[in-house]
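**Q** Would you mind keeping the following structure in view while I ask a few things?
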Amino acid sequence: MINVTVWNEHIQDKSQENVLKVYPDGMNACIAGFLGEETDFNVRCATLDEPECGLPDEVLDNTDVLIWWAHCGHEQVPDELVKKIHDRVLRGMGIILLHSAHYSKIFQSLMGTTCSLCWREGDRERLWNINPSHPIAKGIGNYVYLDVEEMYGERFDIPQPDELVFLGWFGGGEVIRAGCCWNRGLGKVFYFQPGHESNPTYHNKDIQRIIKNAVRWAEPAFIRQEPIDAPHVESPEKLLNK
Ligand code: ZN
């Protein structure tokens, strides 16, 4: 089983009518709902308003892949928690950052850059599959068309991705590196651009398929438990003399 924790700040999807219209039970319920269709995923939800932001050590220590959606509440996530999540990624945990999580402290911390981009609400997107043999693109056609999505455009201030899977094109002519993979220590990081809170993006079956694929791609084969240090290693000659 892959232990997946779906974290959402849960601010706009409990207070804004235009968001509740699209996600009446909140965005977490939608994302956890389609992930829960997979029999090898063990899915739980966590939100900012819970004690310890829903991520006490026992939850984080039992998470293989963390999904992160955030927008208004980035600053409310304590630095100490960000450090813990970063450390767990370095030890092997996978992390998937969705849409406005580009400005989250944890993404900025993992990237080491500002992660800024340009934006405009109310556009349409063609999400081009530019790496069809990549596991995250499995089952996806040449492109996914979203008739309403917020434009996020270049320059996206990220380090060069290790692998690029999707490229987004918008009605205004802007483009963005929309599906990007990085390795950080033993962990895998995927940023996926679609998913504005008042658009029905997470109801789209192709978008659901991509996020499910990303969970499987990011699943760690191994999570290091002990602290990372620089061990001294004996020379082979010394071992032979033992
Ligand atoms: Zn947005």
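Within each chain, counting starts at residue 1; across the structure tokens, chains are named A, B, ... in the order shown, with ligands numbered 1 upward in that order.
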All residues within 10 Å of ligand 1 are required, counting only C-alpha atoms and all ligand atoms; please report them as a PDB file with C-alpha atoms, in the first residue's frame.

**A**
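And here is the file that came out, out-v2.pdb:
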ATOM      1  CA  ALA A  70      -2.401  25.876  -0.781  1.00  0.00           C
ATOM      2  CA  HIS A  71      -3.055  29.482  -1.746  1.00  0.00           C
ATOM      3  CA  LEU A  98      -0.557  21.442  -6.914  1.00  0.00           C
ATOM      4  CA  HIS A  99      -1.292  24.759  -8.649  1.00  0.00           C
ATOM      5  CA  SER A 100      -0.912  27.733  -6.234  1.00  0.00           C
ATOM      6  CA  ALA A 101       1.356  25.615  -4.032  1.00  0.00           C
ATOM      7  CA  TRP A 119      -1.000  34.789 -13.938  1.00  0.00           C
ATOM      8  CA  ARG A 120      -4.458  35.759 -15.136  1.00  0.00           C
ATOM      9  CA  GLU A 121      -7.801  34.268 -14.163  1.00  0.00           C
ATOM     10  CA  GLY A 122     -10.407  32.979 -16.585  1.00  0.00           C
ATOM     11  CA  GLU A 149      -8.256  27.373 -16.131  1.00  0.00           C
ATOM     12  CA  GLU A 150      -6.235  30.164 -14.601  1.00  0.00           C
ATOM     13  CA  MET A 151      -3.284  31.192 -16.752  1.00  0.00           C
ATOM     14  CA  TYR A 152       0.069  30.595 -15.089  1.00  0.00           C
ATOM     15  CA  GLN A 193       0.110  23.580 -12.532  1.00  0.00           C
ATOM     16  CA  PRO A 194      -3.648  23.066 -13.239  1.00  0.00           C
ATOM     17  CA  GLY A 195      -6.112  23.307 -10.329  1.00  0.00           C
ATOM     18  CA  HIS A 196      -7.459  26.804  -9.616  1.00  0.00           C
ATOM     19  CA  GLU A 197      -9.934  26.597  -6.725  1.00  0.00           C
ATOM     20  CA  SER A 198     -13.026  27.891  -8.575  1.00  0.00           C
ATOM     21  CA  ASN A 199     -12.466  25.738 -11.689  1.00  0.00           C
TER      22      ASN A 199
END

**Q** DSSP on the backbone, then: every residue of range 38-122 of chain A marked helix (DSSP H, G or I), written as an MDAnalysis selection string.

**A** chainID A and resid 51:54 57:60 74:76 79:90 99:103 105:111

**Q** Just the selected residues (N, CA and C atoms), exported as a JSON list (two decimals), in the first residue's frame, please.

**A**
[["chain", "number", "residue", "atom", "x", "y", "z"],
["A", 51, "PRO", "N", -4.90, 20.51, 14.67],
["A", 51, "PRO", "CA", -3.70, 20.64, 15.52],
["A", 51, "PRO", "C", -2.44, 20.25, 14.76],
["A", 52, "GLU", "N", -1.39, 21.01, 14.94],
["A", 52, "GLU", "CA", -0.11, 20.79, 14.24],
["A", 52, "GLU", "C", -0.30, 20.77, 12.71],
["A", 53, "CYS", "N", -1.26, 21.57, 12.26],
["A", 53, "CYS", "CA", -1.57, 21.69, 10.82],
["A", 53, "CYS", "C", -1.94, 20.34, 10.22],
["A", 54, "GLY", "N", -2.42, 19.42, 11.03],
["A", 54, "GLY", "CA", -2.81, 18.11, 10.53],
["A", 54, "GLY", "C", -1.64, 17.19, 10.24],
["A", 57, "ASP", "N", 4.03, 14.39, 13.94],
["A", 57, "ASP", "CA", 5.08, 13.44, 13.53],
["A", 57, "ASP", "C", 4.53, 12.08, 13.12],
["A", 58, "GLU", "N", 3.52, 11.60, 13.88],
["A", 58, "GLU", "CA", 3.04, 10.23, 13.57],
["A", 58, "GLU", "C", 2.38, 10.16, 12.19],
["A", 59, "VAL", "N", 1.82, 11.29, 11.71],
["A", 59, "VAL", "CA", 1.24, 11.31, 10.36],
["A", 59, "VAL", "C", 2.35, 11.42, 9.33],
["A", 60, "LEU", "N", 3.23, 12.39, 9.52],
["A", 60, "LEU", "CA", 4.32, 12.61, 8.57],
["A", 60, "LEU", "C", 5.21, 11.36, 8.45],
["A", 74, "HIS", "N", -0.17, 30.27, 2.97],
["A", 74, "HIS", "CA", 1.25, 29.84, 2.96],
["A", 74, "HIS", "C", 1.98, 30.28, 4.24],
["A", 75, "GLU", "N", 1.75, 31.55, 4.62],
["A", 75, "GLU", "CA", 2.51, 32.11, 5.76],
["A", 75, "GLU", "C", 2.10, 31.48, 7.09],
["A", 76, "GLN", "N", 0.93, 30.85, 7.13],
["A", 76, "GLN", "CA", 0.46, 30.26, 8.39],
["A", 76, "GLN", "C", 1.10, 28.90, 8.67],
["A", 79, "ASP", "N", 7.52, 27.49, 10.09],
["A", 79, "ASP", "CA", 8.81, 27.16, 9.48],
["A", 79, "ASP", "C", 9.34, 25.80, 9.97],
["A", 80, "GLU", "N", 9.06, 25.52, 11.25],
["A", 80, "GLU", "CA", 9.54, 24.25, 11.82],
["A", 80, "GLU", "C", 8.92, 23.04, 11.11],
["A", 81, "LEU", "N", 7.63, 23.17, 10.73],
["A", 81, "LEU", "CA", 6.97, 22.08, 10.01],
["A", 81, "LEU", "C", 7.55, 21.96, 8.59],
["A", 82, "VAL", "N", 7.80, 23.10, 7.96],
["A", 82, "VAL", "CA", 8.38, 23.10, 6.61],
["A", 82, "VAL", "C", 9.73, 22.36, 6.63],
["A", 83, "LYS", "N", 10.51, 22.64, 7.69],
["A", 83, "LYS", "CA", 11.82, 21.99, 7.83],
["A", 83, "LYS", "C", 11.68, 20.47, 7.96],
["A", 84, "LYS", "N", 10.66, 20.06, 8.75],
["A", 84, "LYS", "CA", 10.43, 18.62, 8.94],
["A", 84, "LYS", "C", 10.03, 17.95, 7.63],
["A", 85, "ILE", "N", 9.15, 18.61, 6.86],
["A", 85, "ILE", "CA", 8.70, 18.04, 5.58],
["A", 85, "ILE", "C", 9.90, 17.96, 4.61],
["A", 86, "HIS", "N", 10.67, 19.03, 4.56],
["A", 86, "HIS", "CA", 11.86, 19.06, 3.68],
["A", 86, "HIS", "C", 12.80, 17.91, 4.03],
["A", 87, "ASP", "N", 13.03, 17.74, 5.33],
["A", 87, "ASP", "CA", 13.93, 16.67, 5.79],
["A", 87, "ASP", "C", 13.40, 15.30, 5.38],
["A", 88, "ARG", "N", 12.06, 15.11, 5.49],
["A", 88, "ARG", "CA", 11.50, 13.81, 5.13],
["A", 88, "ARG", "C", 11.60, 13.56, 3.62],
["A", 89, "VAL", "N", 11.47, 14.63, 2.82],
["A", 89, "VAL", "CA", 11.66, 14.47, 1.37],
["A", 89, "VAL", "C", 13.10, 14.03, 1.10],
["A", 90, "LEU", "N", 14.06, 14.67, 1.76],
["A", 90, "LEU", "CA", 15.47, 14.29, 1.55],
["A", 90, "LEU", "C", 15.71, 12.83, 1.92],
["A", 99, "HIS", "N", -0.86, 23.41, -8.28],
["A", 99, "HIS", "CA", -1.29, 24.76, -8.65],
["A", 99, "HIS", "C", -0.64, 25.86, -7.80],
["A", 100, "SER", "N", -1.44, 26.57, -6.96],
["A", 100, "SER", "CA", -0.91, 27.73, -6.23],
["A", 100, "SER", "C", 0.06, 27.34, -5.12],
["A", 101, "ALA", "N", 0.29, 26.05, -4.94],
["A", 101, "ALA", "CA", 1.36, 25.62, -4.03],
["A", 101, "ALA", "C", 2.73, 26.01, -4.57],
["A", 102, "HIS", "N", 2.77, 26.60, -5.78],
["A", 102, "HIS", "CA", 4.08, 27.08, -6.29],
["A", 102, "HIS", "C", 4.69, 28.11, -5.34],
["A", 103, "TYR", "N", 3.82, 28.82, -4.58],
["A", 103, "TYR", "CA", 4.33, 29.84, -3.65],
["A", 103, "TYR", "C", 4.39, 29.34, -2.21],
["A", 105, "LYS", "N", 5.84, 27.65, 1.17],
["A", 105, "LYS", "CA", 7.18, 27.65, 1.76],
["A", 105, "LYS", "C", 7.92, 26.36, 1.45],
["A", 106, "ILE", "N", 7.19, 25.23, 1.46],
["A", 106, "ILE", "CA", 7.88, 23.95, 1.24],
["A", 106, "ILE", "C", 8.40, 23.84, -0.19],
["A", 107, "PHE", "N", 7.64, 24.34, -1.18],
["A", 107, "PHE", "CA", 8.13, 24.28, -2.56],
["A", 107, "PHE", "C", 9.33, 25.21, -2.74],
["A", 108, "GLN", "N", 9.22, 26.43, -2.19],
["A", 108, "GLN", "CA", 10.34, 27.38, -2.30],
["A", 108, "GLN", "C", 11.59, 26.81, -1.62],
["A", 109, "SER", "N", 11.36, 26.15, -0.50],
["A", 109, "SER", "CA", 12.48, 25.57, 0.24],
["A", 109, "SER", "C", 13.13, 24.44, -0.57],
["A", 110, "LEU", "N", 12.34, 23.60, -1.19],
["A", 110, "LEU", "CA", 12.89, 22.49, -1.98],
["A", 110, "LEU", "C", 13.56, 22.98, -3.26],
["A", 111, "MET", "N", 13.06, 24.08, -3.82],
["A", 111, "MET", "CA", 13.60, 24.60, -5.09],
["A", 111, "MET", "C", 14.80, 25.54, -4.87]]

**Q** Measure the distance from CA of Thr201 in chain A to CA of Leu164 in chain A in Å and round it to one decimal.

**A**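 Straight-line distance from CA of Thr201 in chain A to CA of Leu164 in chain A works out to 20.5 Å.
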
**Q** Any chance you could tabulate, as a tab-separated table, the residues of range 37-152 of chain A at most 9 Å from range 159-163 of chain A with each one's nearest atom pair and distance in Å to one decimal, using only C-alpha atoms, in chain and rising number order?

**A**
residue	atom	partner	partner_atom	distance
A:Met111	CA	A:Pro159	CA	6.5
A:Gly112	CA	A:Pro159	CA	7.9
A:Thr113	CA	A:Pro159	CA	7.1
A:Cys115	CA	A:Pro159	CA	8.8
A:Asn131	CA	A:Glu163	CA	8.7
A:His134	CA	A:Glu163	CA	8.9
